[in-house]
Amino acid sequence: MGLKEVMDKASGGDPRAQNALGYYYYKGDGGVDRDVDRAFIWFNMAADAGDPEGECNAAYMYVHAEGTNANLEEAIRLYTDSAEKGYVQSMFNLAHMYSDGLGVEQDWSKAIDWYTKAMDGGSALACYRLGVIYEEGRGVEPDPPKAASLYRKCTETGYSKALVRLGVMTLEGRGVKKDPAAASKLFLKASEDSNADAYLWLGKMSLSGEGMVKSVNNARKWLTKASVRGSEEAKDLLGMLPPR
């Protein structure tokens with residue numbers, strides 16, 4: 001639908017069009033200026049009509065005080081209603097609210113429950129967050145094998161943060177068999193996404209020769225890439241390398 005058709009349908013009470021019009025104003029697309037106040041009005045109208053995506057968008061704006069005053073209690077209500085209708089992004093956002101205690105008392109059990117539902121709905125980020133929870137023992141006993149399994153599931157989508165986490169566990173032999181060569185392959189895969197941590201680990205492994213050919217030149221290459229992307233550890237290591 002073009003902007004005019006969306007406006008007509010939104011004005012006529014179509015919640016999907018109201019939500020779509022909210023995106024136009026939120027992003028400043030289709031020839032309209034970015035206007036978060038108008039975006040919130042339209043998202044909220046869609047939410048009032050029970051549209052789960054509209055509820056999610058209105059809740060997000062309540063959390064971040066965009067186009068409206070912050071209202072975490074209302075955000076929780078909207079996310080919950082939307083999540084219960086099966087909207088995956090709301091499941092993820094609701095889990096985040098519970099894990100961080102935003103607008104509700106921190107509740108890791110509910111956070112894990114909603115992250116799991118979001119993961120089952122196809123969210124790679126929810127899968128990753130669950131991996132972190134079980135690796136670090138946030139609200140549960142640490143479970144490295146389960147964390148590694150979750151990271152491995154995430155890597156099927158090429159999610160670079162999960163690749164790095166699984167790579168470190170594989171390098172150290174936590175939750176999985178120690179295999180430096182396999183770890184280096186995971187870091188190389190993550191580096192395709194310009195992941196600074198992957199570059200750092202490749203640099204460190206090039207220096208040690210564990211799982212990779214020992215090479216100061218390769219280490220300098222990887223550490224430079226990590227440094228450019230803000231890694232302080234990479235900068236420190238570069239400073240310790242012999243001059244060319």
# chains A, B, ... in the order shown; residues from 1 in each chain; ligands from 1
$ residues_around --residues "Arg220 of chain A" --least-positions-apart "5" --cutoff "8 Å" --atoms "only C-alpha atoms" --output "PyMOL selection string"
chain A and resi 203+238+241
$ write_last_selection --atoms "N, CA, C and O atoms" --output "compact mmCIF listing (two decimals), in the first residue's frame"
# COMPACT_ATOMS: atom_id res chain seq x y z
N GLY A 203 43.52 -12.93 16.82
CA GLY A 203 44.82 -12.33 17.06
C GLY A 203 45.57 -13.04 18.18
O GLY A 203 46.77 -13.35 18.06
N LEU A 238 48.69 -4.99 20.65
CA LEU A 238 49.43 -4.42 19.51
C LEU A 238 50.67 -3.66 20.00
O LEU A 238 51.73 -3.70 19.36
N LEU A 241 53.69 -5.92 20.52
CA LEU A 241 54.30 -6.64 19.41
C LEU A 241 55.61 -6.01 19.00
O LEU A 241 55.78 -4.79 19.12
$ select_by_dssp --residues "segment 101-203 of chain A" --states "alpha helix (DSSP H)" --output "CSV table (one decimal) with N, CA, C and O atoms, in the first residue's frame"
chain,number,residue,atom,x,y,z
A,108,TRP,N,13.7,-14.1,37.1
A,108,TRP,CA,14.4,-14.9,36.1
A,108,TRP,C,13.6,-16.0,35.5
A,108,TRP,O,13.8,-16.4,34.4
A,109,SER,N,12.7,-16.6,36.3
A,109,SER,CA,11.9,-17.7,35.9
A,109,SER,C,11.0,-17.2,34.7
A,109,SER,O,10.9,-17.9,33.7
A,110,LYS,N,10.4,-16.1,34.9
A,110,LYS,CA,9.5,-15.6,33.8
A,110,LYS,C,10.3,-15.1,32.6
A,110,LYS,O,9.9,-15.3,31.5
A,111,ALA,N,11.5,-14.6,32.9
A,111,ALA,CA,12.4,-14.2,31.8
A,111,ALA,C,12.8,-15.4,30.9
A,111,ALA,O,12.7,-15.3,29.7
A,112,ILE,N,13.2,-16.4,31.6
A,112,ILE,CA,13.5,-17.7,30.9
A,112,ILE,C,12.3,-18.2,30.1
A,112,ILE,O,12.5,-18.7,28.9
A,113,ASP,N,11.2,-18.2,30.7
A,113,ASP,CA,10.0,-18.7,30.1
A,113,ASP,C,9.7,-17.9,28.8
A,113,ASP,O,9.4,-18.5,27.7
A,114,TRP,N,9.7,-16.6,28.9
A,114,TRP,CA,9.4,-15.8,27.7
A,114,TRP,C,10.5,-15.8,26.6
A,114,TRP,O,10.2,-15.8,25.4
A,115,TYR,N,11.8,-15.9,27.1
A,115,TYR,CA,12.9,-16.1,26.1
A,115,TYR,C,12.7,-17.4,25.4
A,115,TYR,O,13.0,-17.5,24.1
A,116,THR,N,12.3,-18.4,26.1
A,116,THR,CA,12.2,-19.7,25.5
A,116,THR,C,11.1,-19.7,24.4
A,116,THR,O,11.2,-20.3,23.3
A,117,LYS,N,10.0,-19.1,24.8
A,117,LYS,CA,8.8,-19.0,23.8
A,117,LYS,C,9.3,-18.2,22.6
A,117,LYS,O,8.9,-18.5,21.5
A,118,ALA,N,10.0,-17.1,22.8
A,118,ALA,CA,10.5,-16.3,21.7
A,118,ALA,C,11.5,-17.1,20.8
A,118,ALA,O,11.4,-17.0,19.6
A,119,MET,N,12.3,-17.8,21.5
A,119,MET,CA,13.2,-18.7,20.7
A,119,MET,C,12.5,-19.7,19.9
A,119,MET,O,12.8,-19.9,18.7
A,120,ASP,N,11.5,-20.3,20.5
A,120,ASP,CA,10.6,-21.3,19.8
A,120,ASP,C,9.9,-20.7,18.6
A,120,ASP,O,9.5,-21.3,17.6
A,124,ALA,N,16.6,-15.6,17.1
A,124,ALA,CA,17.9,-16.0,17.4
A,124,ALA,C,18.5,-15.3,18.6
A,124,ALA,O,19.3,-15.8,19.3
A,125,LEU,N,18.1,-14.0,18.7
A,125,LEU,CA,18.6,-13.2,19.9
A,125,LEU,C,18.1,-13.8,21.2
A,125,LEU,O,18.8,-13.8,22.2
A,126,ALA,N,16.9,-14.3,21.2
A,126,ALA,CA,16.3,-14.9,22.4
A,126,ALA,C,17.1,-16.2,22.8
A,126,ALA,O,17.4,-16.5,23.9
A,127,CYS,N,17.5,-17.0,21.7
A,127,CYS,CA,18.3,-18.2,21.9
A,127,CYS,C,19.6,-17.8,22.5
A,127,CYS,O,20.1,-18.5,23.4
A,128,TYR,N,20.2,-16.7,22.0
A,128,TYR,CA,21.5,-16.3,22.5
A,128,TYR,C,21.4,-15.8,24.0
A,128,TYR,O,22.2,-16.2,24.8
A,129,ARG,N,20.4,-15.1,24.3
A,129,ARG,CA,20.2,-14.6,25.7
A,129,ARG,C,20.0,-15.8,26.6
A,129,ARG,O,20.6,-15.8,27.7
A,130,LEU,N,19.3,-16.8,26.2
A,130,LEU,CA,19.2,-18.0,27.0
A,130,LEU,C,20.6,-18.7,27.2
A,130,LEU,O,20.9,-19.1,28.3
A,131,GLY,N,21.4,-18.7,26.2
A,131,GLY,CA,22.7,-19.2,26.3
A,131,GLY,C,23.5,-18.5,27.4
A,131,GLY,O,24.2,-19.1,28.2
A,132,VAL,N,23.5,-17.2,27.3
A,132,VAL,CA,24.2,-16.4,28.3
A,132,VAL,C,23.7,-16.7,29.7
A,132,VAL,O,24.5,-16.8,30.7
A,133,ILE,N,22.4,-16.8,29.9
A,133,ILE,CA,21.8,-17.0,31.2
A,133,ILE,C,22.3,-18.3,31.8
A,133,ILE,O,22.7,-18.4,32.9
A,134,TYR,N,22.4,-19.4,30.9
A,134,TYR,CA,22.8,-20.7,31.4
A,134,TYR,C,24.3,-20.8,31.5
A,134,TYR,O,24.9,-21.5,32.4
A,135,GLU,N,25.1,-20.0,30.7
A,135,GLU,CA,26.5,-20.0,30.8
A,135,GLU,C,26.9,-19.3,32.1
A,135,GLU,O,27.8,-19.8,32.8
A,136,GLU,N,26.3,-18.2,32.4
A,136,GLU,CA,26.8,-17.3,33.5
A,136,GLU,C,26.0,-17.6,34.8
A,136,GLU,O,26.3,-17.1,35.9
A,144,PRO,N,27.0,-25.2,31.6
A,144,PRO,CA,27.8,-25.0,30.4
A,144,PRO,C,27.3,-25.8,29.2
A,144,PRO,O,27.2,-25.3,28.1
A,145,PRO,N,27.0,-27.1,29.4
A,145,PRO,CA,26.6,-27.9,28.3
A,145,PRO,C,25.3,-27.4,27.6
A,145,PRO,O,25.2,-27.4,26.4
A,146,LYS,N,24.4,-27.0,28.4
A,146,LYS,CA,23.1,-26.4,27.9
A,146,LYS,C,23.4,-25.1,27.2
A,146,LYS,O,22.8,-24.8,26.1
A,147,ALA,N,24.3,-24.3,27.8
A,147,ALA,CA,24.6,-23.0,27.1
A,147,ALA,C,25.3,-23.2,25.8
A,147,ALA,O,24.9,-22.6,24.8
A,148,ALA,N,26.2,-24.2,25.7
A,148,ALA,CA,26.9,-24.5,24.4
A,148,ALA,C,25.8,-25.0,23.4
A,148,ALA,O,25.9,-24.6,22.2
A,149,SER,N,24.9,-25.8,23.9
A,149,SER,CA,23.9,-26.3,22.9
A,149,SER,C,23.0,-25.2,22.4
A,149,SER,O,22.7,-25.1,21.2
A,150,LEU,N,22.7,-24.2,23.2
A,150,LEU,CA,21.9,-23.0,22.8
A,150,LEU,C,22.7,-22.2,21.8
A,150,LEU,O,22.2,-21.7,20.8
A,151,TYR,N,24.0,-21.9,22.2
A,151,TYR,CA,24.8,-21.2,21.2
A,151,TYR,C,24.9,-21.9,19.9
A,151,TYR,O,24.9,-21.2,18.8
A,152,ARG,N,25.1,-23.2,19.9
A,152,ARG,CA,25.2,-23.9,18.7
A,152,ARG,C,23.9,-23.8,17.8
A,152,ARG,O,24.0,-23.6,16.6
A,153,LYS,N,22.8,-23.8,18.5
A,153,LYS,CA,21.5,-23.6,17.8
A,153,LYS,C,21.5,-22.2,17.2
A,153,LYS,O,21.0,-22.0,16.0
A,154,CYS,N,22.0,-21.2,17.9
A,154,CYS,CA,22.0,-19.8,17.4
A,154,CYS,C,22.9,-19.7,16.1
A,154,CYS,O,22.7,-18.9,15.2
A,155,THR,N,24.0,-20.5,16.1
A,155,THR,CA,25.0,-20.3,15.1
A,155,THR,C,24.4,-20.8,13.7
A,155,THR,O,25.0,-20.4,12.7
A,160,SER,N,26.8,-13.8,15.1
A,160,SER,CA,28.2,-13.8,15.4
A,160,SER,C,28.5,-13.8,16.9
A,160,SER,O,29.5,-14.4,17.3
A,161,LYS,N,27.7,-13.2,17.7
A,161,LYS,CA,28.0,-13.2,19.2
A,161,LYS,C,27.9,-14.6,19.7
A,161,LYS,O,28.7,-15.0,20.6
A,162,ALA,N,27.0,-15.4,19.2
A,162,ALA,CA,26.9,-16.8,19.7
A,162,ALA,C,28.1,-17.6,19.2
A,162,ALA,O,28.6,-18.5,19.9
A,163,LEU,N,28.5,-17.3,18.0
A,163,LEU,CA,29.7,-18.0,17.4
A,163,LEU,C,30.9,-17.7,18.3
A,163,LEU,O,31.7,-18.6,18.6
A,164,VAL,N,31.1,-16.5,18.7
A,164,VAL,CA,32.2,-16.1,19.6
A,164,VAL,C,32.1,-16.8,21.0
A,164,VAL,O,33.1,-17.4,21.5
A,165,ARG,N,30.9,-16.8,21.6
A,165,ARG,CA,30.7,-17.4,22.9
A,165,ARG,C,31.0,-18.9,22.8
A,165,ARG,O,31.7,-19.5,23.6
A,166,LEU,N,30.5,-19.6,21.7
A,166,LEU,CA,30.7,-21.0,21.6
A,166,LEU,C,32.2,-21.3,21.3
A,166,LEU,O,32.8,-22.3,21.7
A,167,GLY,N,32.8,-20.3,20.5
A,167,GLY,CA,34.3,-20.5,20.2
A,167,GLY,C,35.1,-20.5,21.5
A,167,GLY,O,36.0,-21.3,21.7
A,168,VAL,N,34.8,-19.5,22.4
A,168,VAL,CA,35.6,-19.4,23.7
A,168,VAL,C,35.3,-20.7,24.5
A,168,VAL,O,36.3,-21.3,25.1
A,169,MET,N,34.1,-21.2,24.6
A,169,MET,CA,33.8,-22.4,25.3
A,169,MET,C,34.6,-23.6,24.7
A,169,MET,O,35.1,-24.5,25.5
A,170,THR,N,34.6,-23.6,23.4
A,170,THR,CA,35.3,-24.7,22.7
A,170,THR,C,36.8,-24.6,22.9
A,170,THR,O,37.5,-25.6,23.1
A,171,LEU,N,37.4,-23.4,22.9
A,171,LEU,CA,38.8,-23.2,23.2
A,171,LEU,C,39.2,-23.6,24.6
A,171,LEU,O,40.3,-24.2,24.8
A,172,GLU,N,38.3,-23.3,25.5
A,172,GLU,CA,38.6,-23.6,26.9
A,172,GLU,C,38.1,-25.0,27.4
A,172,GLU,O,38.5,-25.4,28.5
A,180,PRO,N,40.8,-26.5,20.1
A,180,PRO,CA,41.3,-25.2,19.6
A,180,PRO,C,41.1,-25.0,18.1
A,180,PRO,O,40.7,-23.8,17.7
A,181,ALA,N,41.3,-26.0,17.3
A,181,ALA,CA,41.1,-25.9,15.9
A,181,ALA,C,39.7,-25.6,15.5
A,181,ALA,O,39.4,-24.7,14.6
A,182,ALA,N,38.8,-26.2,16.2
A,182,ALA,CA,37.3,-26.0,15.9
A,182,ALA,C,37.0,-24.6,16.4
A,182,ALA,O,36.2,-23.9,15.8
A,183,ALA,N,37.6,-24.2,17.5
A,183,ALA,CA,37.3,-22.8,18.0
A,183,ALA,C,37.7,-21.8,17.0
A,183,ALA,O,37.0,-20.8,16.8
A,184,SER,N,38.9,-22.0,16.4
A,184,SER,CA,39.4,-21.0,15.4
A,184,SER,C,38.4,-20.9,14.3
A,184,SER,O,38.2,-19.8,13.7
A,185,LYS,N,37.8,-22.0,13.9
A,185,LYS,CA,36.9,-21.9,12.8
A,185,LYS,C,35.6,-21.1,13.1
A,185,LYS,O,35.1,-20.4,12.3
A,186,LEU,N,35.2,-21.3,14.4
A,186,LEU,CA,34.1,-20.5,14.9
A,186,LEU,C,34.4,-19.0,14.9
A,186,LEU,O,33.6,-18.2,14.5
A,187,PHE,N,35.6,-18.7,15.3
A,187,PHE,CA,36.0,-17.3,15.3
A,187,PHE,C,36.1,-16.7,13.9
A,187,PHE,O,35.7,-15.6,13.7
A,188,LEU,N,36.6,-17.5,13.0
A,188,LEU,CA,36.7,-17.1,11.6
A,188,LEU,C,35.3,-16.8,11.0
A,188,LEU,O,35.1,-15.8,10.3
A,189,LYS,N,34.4,-17.7,11.3
A,189,LYS,CA,33.0,-17.5,10.8
A,189,LYS,C,32.4,-16.2,11.4
A,189,LYS,O,31.8,-15.4,10.7
A,190,ALA,N,32.7,-16.0,12.7
A,190,ALA,CA,32.1,-14.7,13.3
A,190,ALA,C,32.8,-13.5,12.8
A,190,ALA,O,32.2,-12.4,12.7
A,191,SER,N,34.1,-13.6,12.4
A,191,SER,CA,34.8,-12.5,11.8
A,191,SER,C,34.2,-12.0,10.5
A,191,SER,O,34.4,-10.8,10.1
A,196,ALA,N,34.3,-7.7,16.5
A,196,ALA,CA,35.6,-7.3,17.2
A,196,ALA,C,36.1,-8.3,18.1
A,196,ALA,O,37.3,-8.5,18.1
A,197,ASP,N,35.3,-9.0,18.8
A,197,ASP,CA,35.7,-10.1,19.7
A,197,ASP,C,36.3,-11.2,19.0
A,197,ASP,O,37.3,-11.9,19.4
A,198,ALA,N,35.7,-11.6,17.8
A,198,ALA,CA,36.3,-12.6,17.0
A,198,ALA,C,37.7,-12.2,16.5
A,198,ALA,O,38.6,-13.1,16.5
A,199,TYR,N,37.8,-11.0,16.0
A,199,TYR,CA,39.1,-10.5,15.6
A,199,TYR,C,40.1,-10.6,16.7
A,199,TYR,O,41.3,-11.1,16.5
A,200,LEU,N,39.7,-10.3,17.9
A,200,LEU,CA,40.6,-10.3,19.1
A,200,LEU,C,41.1,-11.7,19.4
A,200,LEU,O,42.3,-12.0,19.6
A,201,TRP,N,40.2,-12.7,19.4
A,201,TRP,CA,40.5,-14.0,19.7
A,201,TRP,C,41.4,-14.6,18.6
A,201,TRP,O,42.4,-15.4,18.8
A,202,LEU,N,41.2,-14.3,17.3
A,202,LEU,CA,42.0,-14.8,16.2
A,202,LEU,C,43.4,-14.2,16.4
A,202,LEU,O,44.4,-14.9,16.1
A,203,GLY,N,43.5,-12.9,16.8
A,203,GLY,CA,44.8,-12.3,17.1
A,203,GLY,C,45.6,-13.0,18.2
A,203,GLY,O,46.8,-13.3,18.1
$ closest_residue --among "A:Gly175, A:Pro52, A:Pro142, A:Gly2" --to "Ala83 of chain A" --atoms "only C-alpha atoms"
A:Pro52
$ residues_around --residues "segment 40-50 of chain A" --least-positions-apart "3" --cutoff "7 Å" --atoms "only C-alpha atoms" --output "PDB file with N, CA and C atoms, in the first residue's frame"
ATOM      1  N   PRO A  15      -6.614  -1.318  12.030  1.00  0.00           N
ATOM      2  CA  PRO A  15      -5.466  -1.322  12.948  1.00  0.00           C
ATOM      3  C   PRO A  15      -4.137  -1.640  12.276  1.00  0.00           C
ATOM      4  N   ARG A  16      -4.151  -2.488  11.247  1.00  0.00           N
ATOM      5  CA  ARG A  16      -2.896  -2.806  10.557  1.00  0.00           C
ATOM      6  C   ARG A  16      -2.389  -1.580   9.811  1.00  0.00           C
ATOM      7  N   GLN A  18      -3.105   1.498  10.702  1.00  0.00           N
ATOM      8  CA  GLN A  18      -2.683   2.437  11.751  1.00  0.00           C
ATOM      9  C   GLN A  18      -1.252   2.130  12.191  1.00  0.00           C
ATOM     10  N   ASN A  19      -0.951   0.862  12.341  1.00  0.00           N
ATOM     11  CA  ASN A  19       0.396   0.460  12.716  1.00  0.00           C
ATOM     12  C   ASN A  19       1.388   0.816  11.613  1.00  0.00           C
ATOM     13  N   LEU A  21       1.111   3.182   9.412  1.00  0.00           N
ATOM     14  CA  LEU A  21       1.275   4.634   9.381  1.00  0.00           C
ATOM     15  C   LEU A  21       2.199   5.084  10.516  1.00  0.00           C
ATOM     16  N   GLY A  22       2.114   4.397  11.643  1.00  0.00           N
ATOM     17  CA  GLY A  22       3.034   4.681  12.741  1.00  0.00           C
ATOM     18  C   GLY A  22       4.479   4.496  12.317  1.00  0.00           C
ATOM     19  N   VAL A  36       7.876  11.378  16.022  1.00  0.00           N
ATOM     20  CA  VAL A  36       7.612  10.301  16.967  1.00  0.00           C
ATOM     21  C   VAL A  36       6.304  10.515  17.728  1.00  0.00           C
ATOM     22  N   ASP A  37       5.887  11.772  17.870  1.00  0.00           N
ATOM     23  CA  ASP A  37       4.605  12.016  18.536  1.00  0.00           C
ATOM     24  C   ASP A  37       3.453  11.427  17.725  1.00  0.00           C
ATOM     25  N   GLY A  54       0.928  -3.489  16.994  1.00  0.00           N
ATOM     26  CA  GLY A  54       0.709  -2.140  17.501  1.00  0.00           C
ATOM     27  C   GLY A  54       0.953  -2.063  18.995  1.00  0.00           C
ATOM     28  N   GLU A  55       0.524  -3.090  19.726  1.00  0.00           N
ATOM     29  CA  GLU A  55       0.758  -3.137  21.167  1.00  0.00           C
ATOM     30  C   GLU A  55       2.256  -3.156  21.470  1.00  0.00           C
ATOM     31  N   ASN A  57       4.706  -2.031  19.569  1.00  0.00           N
ATOM     32  CA  ASN A  57       5.322  -0.749  19.215  1.00  0.00           C
ATOM     33  C   ASN A  57       4.975   0.348  20.222  1.00  0.00           C
ATOM     34  N   ALA A  58       3.731   0.373  20.656  1.00  0.00           N
ATOM     35  CA  ALA A  58       3.338   1.370  21.660  1.00  0.00           C
ATOM     36  C   ALA A  58       4.069   1.116  22.971  1.00  0.00           C
ATOM     37  N   MET A  61       7.598   2.387  22.868  1.00  0.00           N
ATOM     38  CA  MET A  61       7.682   3.844  22.999  1.00  0.00           C
ATOM     39  C   MET A  61       7.420   4.295  24.434  1.00  0.00           C
ATOM     40  N   GLY A  67       7.755   9.964  22.005  1.00  0.00           N
ATOM     41  CA  GLY A  67       6.422  10.385  21.591  1.00  0.00           C
ATOM     42  C   GLY A  67       5.415  10.390  22.713  1.00  0.00           C
TER      43      GLY A  67
END
$ closest_residue --among "A:Gly12, A:Gly101, A:Gly239, A:Gly86" --to "Leu72 of chain A" --atoms "only C-alpha atoms"
A:Gly101
$ residues_around --residues "Leu237 of chain A" --least-positions-apart "2" --cutoff "12 Å" --atoms "only C-alpha atoms" --output "CSV table (one decimal) with C-alpha atoms, in the first residue's frame"
chain,number,residue,atom,x,y,z
A,200,LEU,CA,40.6,-10.3,19.1
A,201,TRP,CA,40.5,-14.0,19.7
A,203,GLY,CA,44.8,-12.3,17.1
A,204,LYS,CA,45.5,-14.0,20.4
A,206,SER,CA,47.8,-16.3,16.1
A,207,LEU,CA,50.2,-15.2,18.9
A,216,VAL,CA,53.0,-12.3,14.5
A,219,ALA,CA,48.2,-11.5,14.9
A,220,ARG,CA,48.9,-7.9,13.9
A,221,LYS,CA,46.3,-8.1,11.2
A,222,TRP,CA,43.6,-9.5,13.4
A,223,LEU,CA,44.4,-7.3,16.4
A,224,THR,CA,44.4,-4.2,14.2
A,226,ALA,CA,39.8,-5.5,16.6
A,227,SER,CA,41.5,-2.3,17.7
A,231,SER,CA,38.9,-3.3,21.6
A,232,GLU,CA,41.2,-1.9,24.3
A,233,GLU,CA,42.7,-5.3,24.8
A,234,ALA,CA,43.7,-5.5,21.2
A,235,LYS,CA,45.3,-2.1,21.4
A,239,GLY,CA,51.6,-2.2,21.7
A,240,MET,CA,53.5,-5.3,22.9
A,241,LEU,CA,54.3,-6.6,19.4
A,242,PRO,CA,57.8,-6.3,18.0
$ residues_around --residues "Val6 of chain A" --least-positions-apart "2" --cutoff "8 Å" --atoms "only C-alpha atoms" --output "tab-separated table (two decimals) with all heavy atoms, in the first residue's frame"
chain	number	residue	atom	x	y	z
A	1	MET	N	0.83	-1.19	0.00
A	1	MET	CA	0.00	0.00	0.00
A	1	MET	C	0.87	1.25	0.00
A	1	MET	O	1.90	1.29	0.66
A	1	MET	CB	-0.89	0.04	1.26
A	1	MET	CG	-1.98	-1.01	1.28
A	1	MET	SD	-3.12	-0.76	2.67
A	1	MET	CE	-2.06	-1.13	4.06
A	2	GLY	N	0.43	2.26	-0.76
A	2	GLY	CA	1.11	3.54	-0.74
A	2	GLY	C	0.68	4.35	0.47
A	2	GLY	O	-0.27	3.99	1.18
A	3	LEU	N	1.36	5.47	0.70
A	3	LEU	CA	1.09	6.27	1.88
A	3	LEU	C	-0.36	6.76	1.93
A	3	LEU	O	-1.01	6.69	2.98
A	3	LEU	CB	2.05	7.47	1.93
A	3	LEU	CG	1.83	8.45	3.08
A	3	LEU	CD1	1.98	7.76	4.42
A	3	LEU	CD2	2.81	9.62	2.96
A	4	LYS	N	-0.88	7.23	0.79
A	4	LYS	CA	-2.26	7.75	0.78
A	4	LYS	C	-3.26	6.66	1.16
A	4	LYS	O	-4.17	6.89	1.95
A	4	LYS	CB	-2.62	8.33	-0.58
A	4	LYS	CG	-3.99	9.00	-0.59
A	4	LYS	CD	-4.32	9.58	-1.95
A	4	LYS	CE	-5.66	10.33	-1.91
A	4	LYS	NZ	-6.76	9.49	-1.39
A	8	ASP	N	-5.71	6.59	4.41
A	8	ASP	CA	-7.16	6.43	4.28
A	8	ASP	C	-7.66	5.27	5.14
A	8	ASP	O	-8.66	5.40	5.87
A	8	ASP	CB	-7.55	6.21	2.82
A	8	ASP	CG	-7.38	7.46	1.97
A	8	ASP	OD1	-7.28	8.56	2.56
A	8	ASP	OD2	-7.34	7.34	0.73
A	9	LYS	N	-6.97	4.14	5.06
A	9	LYS	CA	-7.40	2.97	5.82
A	9	LYS	C	-7.20	3.18	7.32
A	9	LYS	O	-8.03	2.76	8.14
A	9	LYS	CB	-6.65	1.72	5.36
A	9	LYS	CG	-7.08	1.24	3.98
A	9	LYS	CD	-6.48	-0.13	3.65
A	9	LYS	CE	-7.05	-0.66	2.34
A	9	LYS	NZ	-6.55	-2.01	2.02
A	10	ALA	N	-6.09	3.85	7.68
A	10	ALA	CA	-5.84	4.12	9.10
A	10	ALA	C	-6.92	5.03	9.66
A	10	ALA	O	-7.43	4.80	10.76
A	10	ALA	CB	-4.46	4.75	9.27
A	17	ALA	N	-3.31	-0.83	9.23
A	17	ALA	CA	-2.92	0.40	8.55
A	17	ALA	C	-2.46	1.45	9.55
A	17	ALA	O	-1.52	2.21	9.29
A	17	ALA	CB	-4.09	0.93	7.71
A	18	GLN	N	-3.10	1.50	10.70
A	18	GLN	CA	-2.68	2.44	11.75
A	18	GLN	C	-1.25	2.13	12.19
A	18	GLN	O	-0.43	3.04	12.37
A	18	GLN	CB	-3.64	2.35	12.94
A	18	GLN	CG	-5.03	2.92	12.64
A	18	GLN	CD	-6.05	2.56	13.70
A	18	GLN	OE1	-5.83	1.66	14.53
A	18	GLN	NE2	-7.21	3.23	13.68
A	20	ALA	N	1.00	0.57	10.36
A	20	ALA	CA	1.86	0.88	9.22
A	20	ALA	C	2.13	2.38	9.14
A	20	ALA	O	3.26	2.82	8.86
A	20	ALA	CB	1.23	0.39	7.92
A	21	LEU	N	1.11	3.18	9.41
A	21	LEU	CA	1.27	4.63	9.38
A	21	LEU	C	2.20	5.08	10.52
A	21	LEU	O	3.00	6.01	10.35
A	21	LEU	CB	-0.09	5.32	9.49
A	21	LEU	CG	-0.11	6.84	9.28
A	21	LEU	CD1	0.53	7.23	7.95
A	21	LEU	CD2	-1.56	7.37	9.34
$ closest_residue --among "A:Gly30, A:Gly211, A:Gly122, A:Gly173" --to "Met91 of chain A" --atoms "only C-alpha atoms"
A:Gly122
$ atom_distance --atom1 "atom CA of Asp100 of chain A" --atom2 "atom CA of Glu53 of chain A"
22.4 Å
